[in-house]
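Engineer: Here it is, the structure in full.
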2 protein chains.
Amino acid sequence: MSEIKIIGFDADDTLWVNELYYKEIEKEFCDLMADYLPPEELSEALFKTEIQNLEWYGYGAKGFLLSLIETAISISKGNVPIASIEKIISTVKILLNREIEILDGVEGLLPQLQKQYHLIIVTKGDLLDQERKLKKSGLMPYFHHIEIMSDKQEADYQKLLKNLGILPEEFLMVGNSLKSDIFPVLAIGGKAVYVPYHTTWQHETIEEVPGFEYQTIEKISDLIHLLPK
Amino acid sequence: MSEIKIIGFDADDTLWVNELYYKEIEKEFCDLMADYLPPEELSEALFKTEIQNLEWYGYGAKGFLLSLIETAISISKGNVPIASIEKIISTVKILLNREIEILDGVEGLLPQLQKQYHLIIVTKGDLLDQERKLKKSGLMPYFHHIEIMSDKQEADYQKLLKNLGILPEEFLMVGNSLKSDIFPVLAIGGKAVYVPYHTTWQHETIEEVPGFEYQTIEKISDLIHLLPK
């Protein structure tokens, strides 16, 4: 880890709570639509719509809201009352305005790392929503650069490193998604530390890829022990 | 204009047609909702919803779609049929998949400028949608960097120039919105060339600001005549 110049942090569920709120909305959605299907089937239908819509809407709160509306219409065969659509919209707007709950250890770690490294945020999702969360979090002073990308694949990271003007081996990515934060970074020659979170969106789960070496830490504060003194 | 190193281009209605398609959808929306209100009042209600939602959804197609849905619900007092909501969603999805119509003169200009300057795109809107339009346009090879920002205010441009590592006087912005492309760039000491487009979204219109100097060109191809040989 001695060559590292820049540390990239994923944001949602690495720096602050996110997926939990989406799960809460999904639960409210299942309650609201309980007349049409049992919760497991509703969740499955929603997930299917989200994946189909990824190509159109990308990641983030607005695409999630549109997928909720589309799922409500399709599983009710057009019979969902307009009041339910209104309820779905207002629930997601509450999410957009929610306080940010920073994960344990983050606020202790960042000022320590900032002395030695350039810290950046590397996240996907809606531009404005991610910026709002970051501002609300109060964590902005620790970050040198914020990169909100439409996806986190190998080519996206390659472009990022080119813009940052550093070599892959000088970059360490820290995040809770093996699929988005760990494997693509390792594949292009970067380093990665995995901090699993108890709730991960189904789309972000992935099988282990043999041959890739990364370290897993239980708490983000443990990152400091992996880096040279 | 002799110090210029980087030329930034707005995308929508500067490089390719955009607002026209939004106006078409607005027209379809007014037809669809004709039972509830006359078209002028519908357009006004839609605009009001869009502005109220800007803080939540930001600029771009997904926010526009959500504002259409919310306006349909509010002006019908919850009586709009679900089929109309479905129709609105499918109309916007067609927009997202539309071919890109590059504006006259763009394809001649960019290869000429590329020999002497770094060209970048500076746009706001949905991340994925703007990336998709750029890819489809075939114009990507001309651009050194793409910046999709949540807003185009002075501070946003200042951050951009800092990231690019250039001074304001080394930056020229070209675009069709006085509010987003011209005045904020002039205010931070950059240069700007205004290329008006016949249709501009109401929110992008602005009163002239006295004391700011910028040049207006009728066709984007005229830009070449303003730059040193």
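Labels used: A, B, ... for chains in the order of the structure tokens, numbers from 1 for residues in each chain, and numbers from 1 for ligands as shown.
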Can you tell me which residues surround Ala72 (chain B) at a distance of at most 9 Å, considering only C-alpha atoms, apart from same-chain residues fewer than 3 positions away, and format the answer as an NGL selection string?

Structural biologist: :B and (29 or 33 or 42 or 46 or 67-69 or 75-80 or 84-85)

Engineer: Using every C-alpha atom paired in order, could you least-squares fit chain A onto chain B and give me the moved chain as a JSON list (two decimals) with C-alpha atoms, in the first residue's frame?

Structural biologist:
```
[["chain", "number", "residue", "atom", "x", "y", "z"],
["A", 1, "MET", "CA", -9.18, 35.62, -27.51],
["A", 2, "SER", "CA", -5.46, 34.91, -27.83],
["A", 3, "GLU", "CA", -4.97, 33.37, -24.36],
["A", 4, "ILE", "CA", -7.65, 30.71, -24.78],
["A", 5, "LYS", "CA", -6.58, 27.15, -24.08],
["A", 6, "ILE", "CA", -9.86, 25.34, -23.50],
["A", 7, "ILE", "CA", -13.20, 25.87, -25.23],
["A", 8, "GLY", "CA", -16.28, 24.62, -23.39],
["A", 9, "PHE", "CA", -19.41, 23.81, -25.35],
["A", 10, "ASP", "CA", -22.87, 23.55, -23.93],
["A", 11, "ALA", "CA", -24.56, 20.46, -25.42],
["A", 12, "ASP", "CA", -28.37, 20.73, -25.63],
["A", 13, "ASP", "CA", -29.39, 23.23, -28.33],
["A", 14, "THR", "CA", -25.76, 24.23, -28.88],
["A", 15, "LEU", "CA", -24.45, 20.99, -30.39],
["A", 16, "TRP", "CA", -27.72, 19.17, -30.98],
["A", 17, "VAL", "CA", -31.49, 19.68, -30.94],
["A", 18, "ASN", "CA", -33.12, 19.22, -27.53],
["A", 19, "GLU", "CA", -35.69, 21.77, -26.38],
["A", 20, "LEU", "CA", -37.80, 21.16, -29.48],
["A", 21, "TYR", "CA", -38.40, 17.55, -28.36],
["A", 22, "TYR", "CA", -39.38, 18.69, -24.89],
["A", 23, "LYS", "CA", -41.80, 21.15, -26.47],
["A", 24, "GLU", "CA", -43.26, 18.31, -28.55],
["A", 25, "ILE", "CA", -43.84, 16.27, -25.41],
["A", 26, "GLU", "CA", -45.40, 19.28, -23.71],
["A", 27, "LYS", "CA", -47.74, 19.60, -26.69],
["A", 28, "GLU", "CA", -48.71, 15.89, -26.43],
["A", 29, "PHE", "CA", -49.22, 16.37, -22.70],
["A", 30, "CYS", "CA", -51.56, 19.31, -23.34],
["A", 31, "ASP", "CA", -53.56, 17.22, -25.83],
["A", 32, "LEU", "CA", -53.75, 14.33, -23.37],
["A", 33, "MET", "CA", -54.95, 16.59, -20.55],
["A", 34, "ALA", "CA", -57.22, 18.80, -22.66],
["A", 35, "ASP", "CA", -60.30, 17.75, -20.65],
["A", 36, "TYR", "CA", -58.96, 19.47, -17.55],
["A", 37, "LEU", "CA", -57.43, 22.76, -18.68],
["A", 38, "PRO", "CA", -56.65, 24.77, -21.83],
["A", 39, "PRO", "CA", -53.09, 24.34, -23.17],
["A", 40, "GLU", "CA", -51.67, 27.67, -21.92],
["A", 41, "GLU", "CA", -52.77, 26.94, -18.37],
["A", 42, "LEU", "CA", -51.43, 23.38, -18.58],
["A", 43, "SER", "CA", -48.06, 24.66, -19.77],
["A", 44, "GLU", "CA", -48.02, 27.18, -16.96],
["A", 45, "ALA", "CA", -48.87, 24.52, -14.36],
["A", 46, "LEU", "CA", -46.18, 22.24, -15.75],
["A", 47, "PHE", "CA", -43.57, 25.00, -15.64],
["A", 48, "LYS", "CA", -44.50, 25.79, -12.04],
["A", 49, "THR", "CA", -44.14, 22.13, -11.05],
["A", 50, "GLU", "CA", -40.79, 21.88, -12.86],
["A", 51, "ILE", "CA", -39.42, 24.91, -11.01],
["A", 52, "GLN", "CA", -40.68, 23.62, -7.65],
["A", 53, "ASN", "CA", -39.10, 20.26, -8.39],
["A", 54, "LEU", "CA", -35.72, 21.61, -9.55],
["A", 55, "GLU", "CA", -34.45, 21.55, -5.99],
["A", 56, "TRP", "CA", -35.39, 17.85, -5.70],
["A", 57, "TYR", "CA", -34.86, 16.47, -9.16],
["A", 58, "GLY", "CA", -32.41, 18.86, -10.82],
["A", 59, "TYR", "CA", -32.32, 19.28, -14.58],
["A", 60, "GLY", "CA", -32.94, 16.55, -17.12],
["A", 61, "ALA", "CA", -35.33, 14.05, -18.60],
["A", 62, "LYS", "CA", -36.21, 12.09, -15.43],
["A", 63, "GLY", "CA", -37.16, 15.21, -13.48],
["A", 64, "PHE", "CA", -39.19, 16.37, -16.49],
["A", 65, "LEU", "CA", -41.05, 13.05, -16.58],
["A", 66, "LEU", "CA", -41.78, 13.19, -12.84],
["A", 67, "SER", "CA", -43.00, 16.79, -13.19],
["A", 68, "LEU", "CA", -45.33, 15.76, -16.02],
["A", 69, "ILE", "CA", -46.80, 12.99, -13.84],
["A", 70, "GLU", "CA", -47.18, 15.29, -10.84],
["A", 71, "THR", "CA", -48.81, 18.01, -12.95],
["A", 72, "ALA", "CA", -51.24, 15.51, -14.49],
["A", 73, "ILE", "CA", -52.27, 14.38, -11.01],
["A", 74, "SER", "CA", -52.60, 17.85, -9.52],
["A", 75, "ILE", "CA", -54.50, 19.59, -12.32],
["A", 76, "SER", "CA", -56.92, 16.66, -12.63],
["A", 77, "LYS", "CA", -57.35, 16.66, -8.83],
["A", 78, "GLY", "CA", -56.39, 13.01, -8.86],
["A", 79, "ASN", "CA", -58.84, 12.08, -11.61],
["A", 80, "VAL", "CA", -56.39, 11.50, -14.44],
["A", 81, "PRO", "CA", -56.72, 7.90, -15.68],
["A", 82, "ILE", "CA", -53.75, 5.61, -15.05],
["A", 83, "ALA", "CA", -53.64, 5.05, -18.81],
["A", 84, "SER", "CA", -52.64, 8.71, -19.23],
["A", 85, "ILE", "CA", -49.79, 8.30, -16.74],
["A", 86, "GLU", "CA", -48.63, 5.28, -18.73],
["A", 87, "LYS", "CA", -48.83, 7.30, -21.93],
["A", 88, "ILE", "CA", -46.71, 10.08, -20.38],
["A", 89, "ILE", "CA", -44.05, 7.58, -19.27],
["A", 90, "SER", "CA", -43.85, 5.92, -22.68],
["A", 91, "THR", "CA", -43.62, 9.29, -24.46],
["A", 92, "VAL", "CA", -40.60, 10.30, -22.38],
["A", 93, "LYS", "CA", -38.99, 6.90, -22.88],
["A", 94, "ILE", "CA", -39.26, 7.47, -26.64],
["A", 95, "LEU", "CA", -37.49, 10.80, -26.09],
["A", 96, "LEU", "CA", -34.68, 9.05, -24.20],
["A", 97, "ASN", "CA", -34.16, 6.73, -27.14],
["A", 98, "ARG", "CA", -34.37, 9.36, -29.85],
["A", 99, "GLU", "CA", -31.76, 9.84, -32.55],
["A", 100, "ILE", "CA", -29.47, 12.82, -32.09],
["A", 101, "GLU", "CA", -29.89, 15.65, -34.57],
["A", 102, "ILE", "CA", -26.63, 17.57, -34.69],
["A", 103, "LEU", "CA", -27.01, 21.29, -35.35],
["A", 104, "ASP", "CA", -25.75, 22.81, -38.59],
["A", 105, "GLY", "CA", -22.09, 23.72, -38.65],
["A", 106, "VAL", "CA", -21.05, 21.67, -35.61],
["A", 107, "GLU", "CA", -19.45, 18.84, -37.52],
["A", 108, "GLY", "CA", -17.42, 21.23, -39.64],
["A", 109, "LEU", "CA", -16.29, 23.37, -36.72],
["A", 110, "LEU", "CA", -15.10, 20.84, -34.13],
["A", 111, "PRO", "CA", -12.30, 19.20, -36.18],
["A", 112, "GLN", "CA", -10.92, 22.65, -37.03],
["A", 113, "LEU", "CA", -10.90, 23.82, -33.41],
["A", 114, "GLN", "CA", -9.54, 20.54, -32.11],
["A", 115, "LYS", "CA", -6.19, 21.23, -33.83],
["A", 116, "GLN", "CA", -5.55, 24.27, -31.66],
["A", 117, "TYR", "CA", -7.60, 23.89, -28.47],
["A", 118, "HIS", "CA", -8.73, 21.38, -25.91],
["A", 119, "LEU", "CA", -12.47, 21.07, -26.39],
["A", 120, "ILE", "CA", -14.76, 20.07, -23.55],
["A", 121, "ILE", "CA", -18.50, 19.68, -23.04],
["A", 122, "VAL", "CA", -20.07, 21.49, -20.10],
["A", 123, "THR", "CA", -23.67, 20.51, -19.62],
["A", 124, "LYS", "CA", -26.31, 19.94, -16.99],
["A", 125, "GLY", "CA", -29.05, 17.32, -16.94],
["A", 126, "ASP", "CA", -29.20, 13.63, -16.17],
["A", 127, "LEU", "CA", -25.78, 12.01, -16.13],
["A", 128, "LEU", "CA", -26.71, 8.89, -18.08],
["A", 129, "ASP", "CA", -28.99, 10.68, -20.55],
["A", 130, "GLN", "CA", -26.34, 13.27, -21.44],
["A", 131, "GLU", "CA", -23.69, 10.56, -21.81],
["A", 132, "ARG", "CA", -26.01, 8.55, -24.04],
["A", 133, "LYS", "CA", -26.72, 11.57, -26.25],
["A", 134, "LEU", "CA", -23.03, 12.30, -26.55],
["A", 135, "LYS", "CA", -22.19, 8.71, -27.50],
["A", 136, "LYS", "CA", -25.01, 8.62, -30.05],
["A", 137, "SER", "CA", -23.95, 11.96, -31.52],
["A", 138, "GLY", "CA", -20.62, 10.55, -32.68],
["A", 139, "LEU", "CA", -18.98, 13.77, -31.45],
["A", 140, "MET", "CA", -17.05, 12.17, -28.59],
["A", 141, "PRO", "CA", -13.68, 11.99, -30.41],
["A", 142, "TYR", "CA", -13.55, 15.80, -30.50],
["A", 143, "PHE", "CA", -13.80, 16.22, -26.76],
["A", 144, "HIS", "CA", -11.04, 15.98, -24.27],
["A", 145, "HIS", "CA", -13.33, 16.03, -21.24],
["A", 146, "ILE", "CA", -17.04, 15.89, -20.47],
["A", 147, "GLU", "CA", -18.36, 17.74, -17.46],
["A", 148, "ILE", "CA", -21.96, 17.06, -16.49],
["A", 149, "MET", "CA", -22.84, 19.41, -13.66],
["A", 150, "SER", "CA", -25.96, 19.66, -11.52],
["A", 151, "ASP", "CA", -26.06, 23.40, -12.19],
["A", 152, "LYS", "CA", -24.13, 26.02, -14.15],
["A", 153, "GLN", "CA", -23.59, 28.81, -11.70],
["A", 154, "GLU", "CA", -20.43, 30.80, -11.01],
["A", 155, "ALA", "CA", -19.21, 28.42, -8.31],
["A", 156, "ASP", "CA", -19.75, 25.44, -10.61],
["A", 157, "TYR", "CA", -17.58, 27.02, -13.30],
["A", 158, "GLN", "CA", -14.94, 27.99, -10.73],
["A", 159, "LYS", "CA", -14.72, 24.38, -9.58],
["A", 160, "LEU", "CA", -14.50, 23.21, -13.17],
["A", 161, "LEU", "CA", -11.61, 25.57, -14.01],
["A", 162, "LYS", "CA", -9.80, 24.52, -10.85],
["A", 163, "ASN", "CA", -10.14, 20.85, -11.87],
["A", 164, "LEU", "CA", -8.95, 21.69, -15.38],
["A", 165, "GLY", "CA", -6.02, 23.60, -13.94],
["A", 166, "ILE", "CA", -6.52, 26.73, -16.05],
["A", 167, "LEU", "CA", -7.10, 30.43, -15.41],
["A", 168, "PRO", "CA", -10.52, 31.97, -16.18],
["A", 169, "GLU", "CA", -9.07, 34.04, -19.04],
["A", 170, "GLU", "CA", -7.87, 30.84, -20.68],
["A", 171, "PHE", "CA", -11.44, 29.51, -20.88],
["A", 172, "LEU", "CA", -14.05, 30.26, -23.51],
["A", 173, "MET", "CA", -17.61, 29.01, -23.10],
["A", 174, "VAL", "CA", -19.96, 28.67, -26.06],
["A", 175, "GLY", "CA", -23.67, 28.14, -25.57],
["A", 176, "ASN", "CA", -27.28, 29.09, -26.18],
["A", 177, "SER", "CA", -28.24, 30.14, -22.65],
["A", 178, "LEU", "CA", -27.25, 33.59, -21.42],
["A", 179, "LYS", "CA", -28.19, 32.49, -17.91],
["A", 180, "SER", "CA", -26.20, 29.24, -17.80],
["A", 181, "ASP", "CA", -23.45, 29.54, -20.42],
["A", 182, "ILE", "CA", -22.62, 33.23, -20.75],
["A", 183, "PHE", "CA", -23.13, 35.41, -17.65],
["A", 184, "PRO", "CA", -21.70, 33.08, -14.97],
["A", 185, "VAL", "CA", -18.56, 32.54, -17.08],
["A", 186, "LEU", "CA", -18.10, 36.27, -17.66],
["A", 187, "ALA", "CA", -18.68, 36.92, -13.96],
["A", 188, "ILE", "CA", -15.69, 34.76, -13.00],
["A", 189, "GLY", "CA", -13.42, 36.34, -15.60],
["A", 190, "GLY", "CA", -13.84, 33.86, -18.44],
["A", 191, "LYS", "CA", -14.86, 34.54, -22.02],
["A", 192, "ALA", "CA", -18.14, 33.58, -23.63],
["A", 193, "VAL", "CA", -19.76, 33.45, -27.05],
["A", 194, "TYR", "CA", -23.53, 33.32, -27.30],
["A", 195, "VAL", "CA", -25.20, 31.27, -30.05],
["A", 196, "PRO", "CA", -28.94, 31.84, -29.58],
["A", 197, "TYR", "CA", -31.28, 29.01, -30.49],
["A", 198, "HIS", "CA", -34.81, 29.70, -31.65],
["A", 199, "THR", "CA", -36.40, 27.80, -28.78],
["A", 200, "THR", "CA", -35.20, 28.32, -25.22],
["A", 201, "TRP", "CA", -36.78, 26.87, -22.09],
["A", 202, "GLN", "CA", -38.48, 29.65, -20.14],
["A", 203, "HIS", "CA", -36.29, 28.94, -17.09],
["A", 204, "GLU", "CA", -33.14, 29.65, -19.13],
["A", 205, "THR", "CA", -34.22, 33.09, -20.30],
["A", 206, "ILE", "CA", -32.80, 36.07, -18.47],
["A", 207, "GLU", "CA", -32.61, 39.85, -18.70],
["A", 208, "GLU", "CA", -29.45, 41.35, -20.18],
["A", 209, "VAL", "CA", -26.85, 42.11, -17.51],
["A", 210, "PRO", "CA", -25.24, 45.49, -18.22],
["A", 211, "GLY", "CA", -21.46, 45.70, -18.18],
["A", 212, "PHE", "CA", -20.81, 42.17, -19.43],
["A", 213, "GLU", "CA", -19.13, 41.87, -22.79],
["A", 214, "TYR", "CA", -19.73, 38.88, -24.96],
["A", 215, "GLN", "CA", -20.09, 38.24, -28.65],
["A", 216, "THR", "CA", -23.17, 36.82, -30.28],
["A", 217, "ILE", "CA", -22.96, 34.68, -33.38],
["A", 218, "GLU", "CA", -25.81, 33.55, -35.54],
["A", 219, "LYS", "CA", -24.33, 30.23, -36.59],
["A", 220, "ILE", "CA", -21.90, 28.15, -34.54],
["A", 221, "SER", "CA", -19.60, 27.92, -37.59],
["A", 222, "ASP", "CA", -18.94, 31.67, -37.17],
["A", 223, "LEU", "CA", -16.98, 30.91, -34.00],
["A", 224, "ILE", "CA", -13.90, 30.22, -36.10],
["A", 225, "HIS", "CA", -13.83, 33.86, -37.25],
["A", 226, "LEU", "CA", -13.65, 35.15, -33.65],
["A", 227, "LEU", "CA", -10.58, 33.12, -32.80],
["A", 228, "PRO", "CA", -7.01, 33.99, -33.74],
["A", 229, "LYS", "CA", -5.76, 32.37, -36.96]]
```

Engineer: Could you please write out, as a PyMOL selection string, every residue of region 21-186 of chain B that DSSP assigns to helix (DSSP H, G or I)?

Structural biologist: chain B and resi 21-32+39-57+61-75+82-96+106-114+127-137+140-142+154-164+168-170+178-186

Engineer: Can you pull out every residue from region 179-209 of chain B that DSSP, working from the backbone, puts in strand (DSSP E), and format the result as a PyMOL selection string?

Structural biologist: chain B and resi 191-194

Engineer: Next, dump the selected residues to file, keeping only N, CA and C atoms, as a short mmCIF file (atom, residue, chain, number, x, y, z; two decimals), in the first residue's frame.

Structural biologist:
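So again31.cif came out as:
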```
data_model
loop_
_atom_site.label_atom_id
_atom_site.label_comp_id
_atom_site.auth_asym_id
_atom_site.auth_seq_id
_atom_site.Cartn_x
_atom_site.Cartn_y
_atom_site.Cartn_z
N LYS B 191 -14.30 33.96 -20.80
CA LYS B 191 -14.85 34.52 -22.03
C LYS B 191 -16.04 33.69 -22.47
N ALA B 192 -16.94 34.32 -23.23
CA ALA B 192 -18.14 33.58 -23.63
C ALA B 192 -18.66 34.07 -24.97
N VAL B 193 -19.12 33.14 -25.76
CA VAL B 193 -19.76 33.45 -27.04
C VAL B 193 -21.16 32.85 -27.04
N TYR B 194 -22.11 33.69 -27.35
CA TYR B 194 -23.52 33.33 -27.29
C TYR B 194 -24.02 32.93 -28.68
#
```
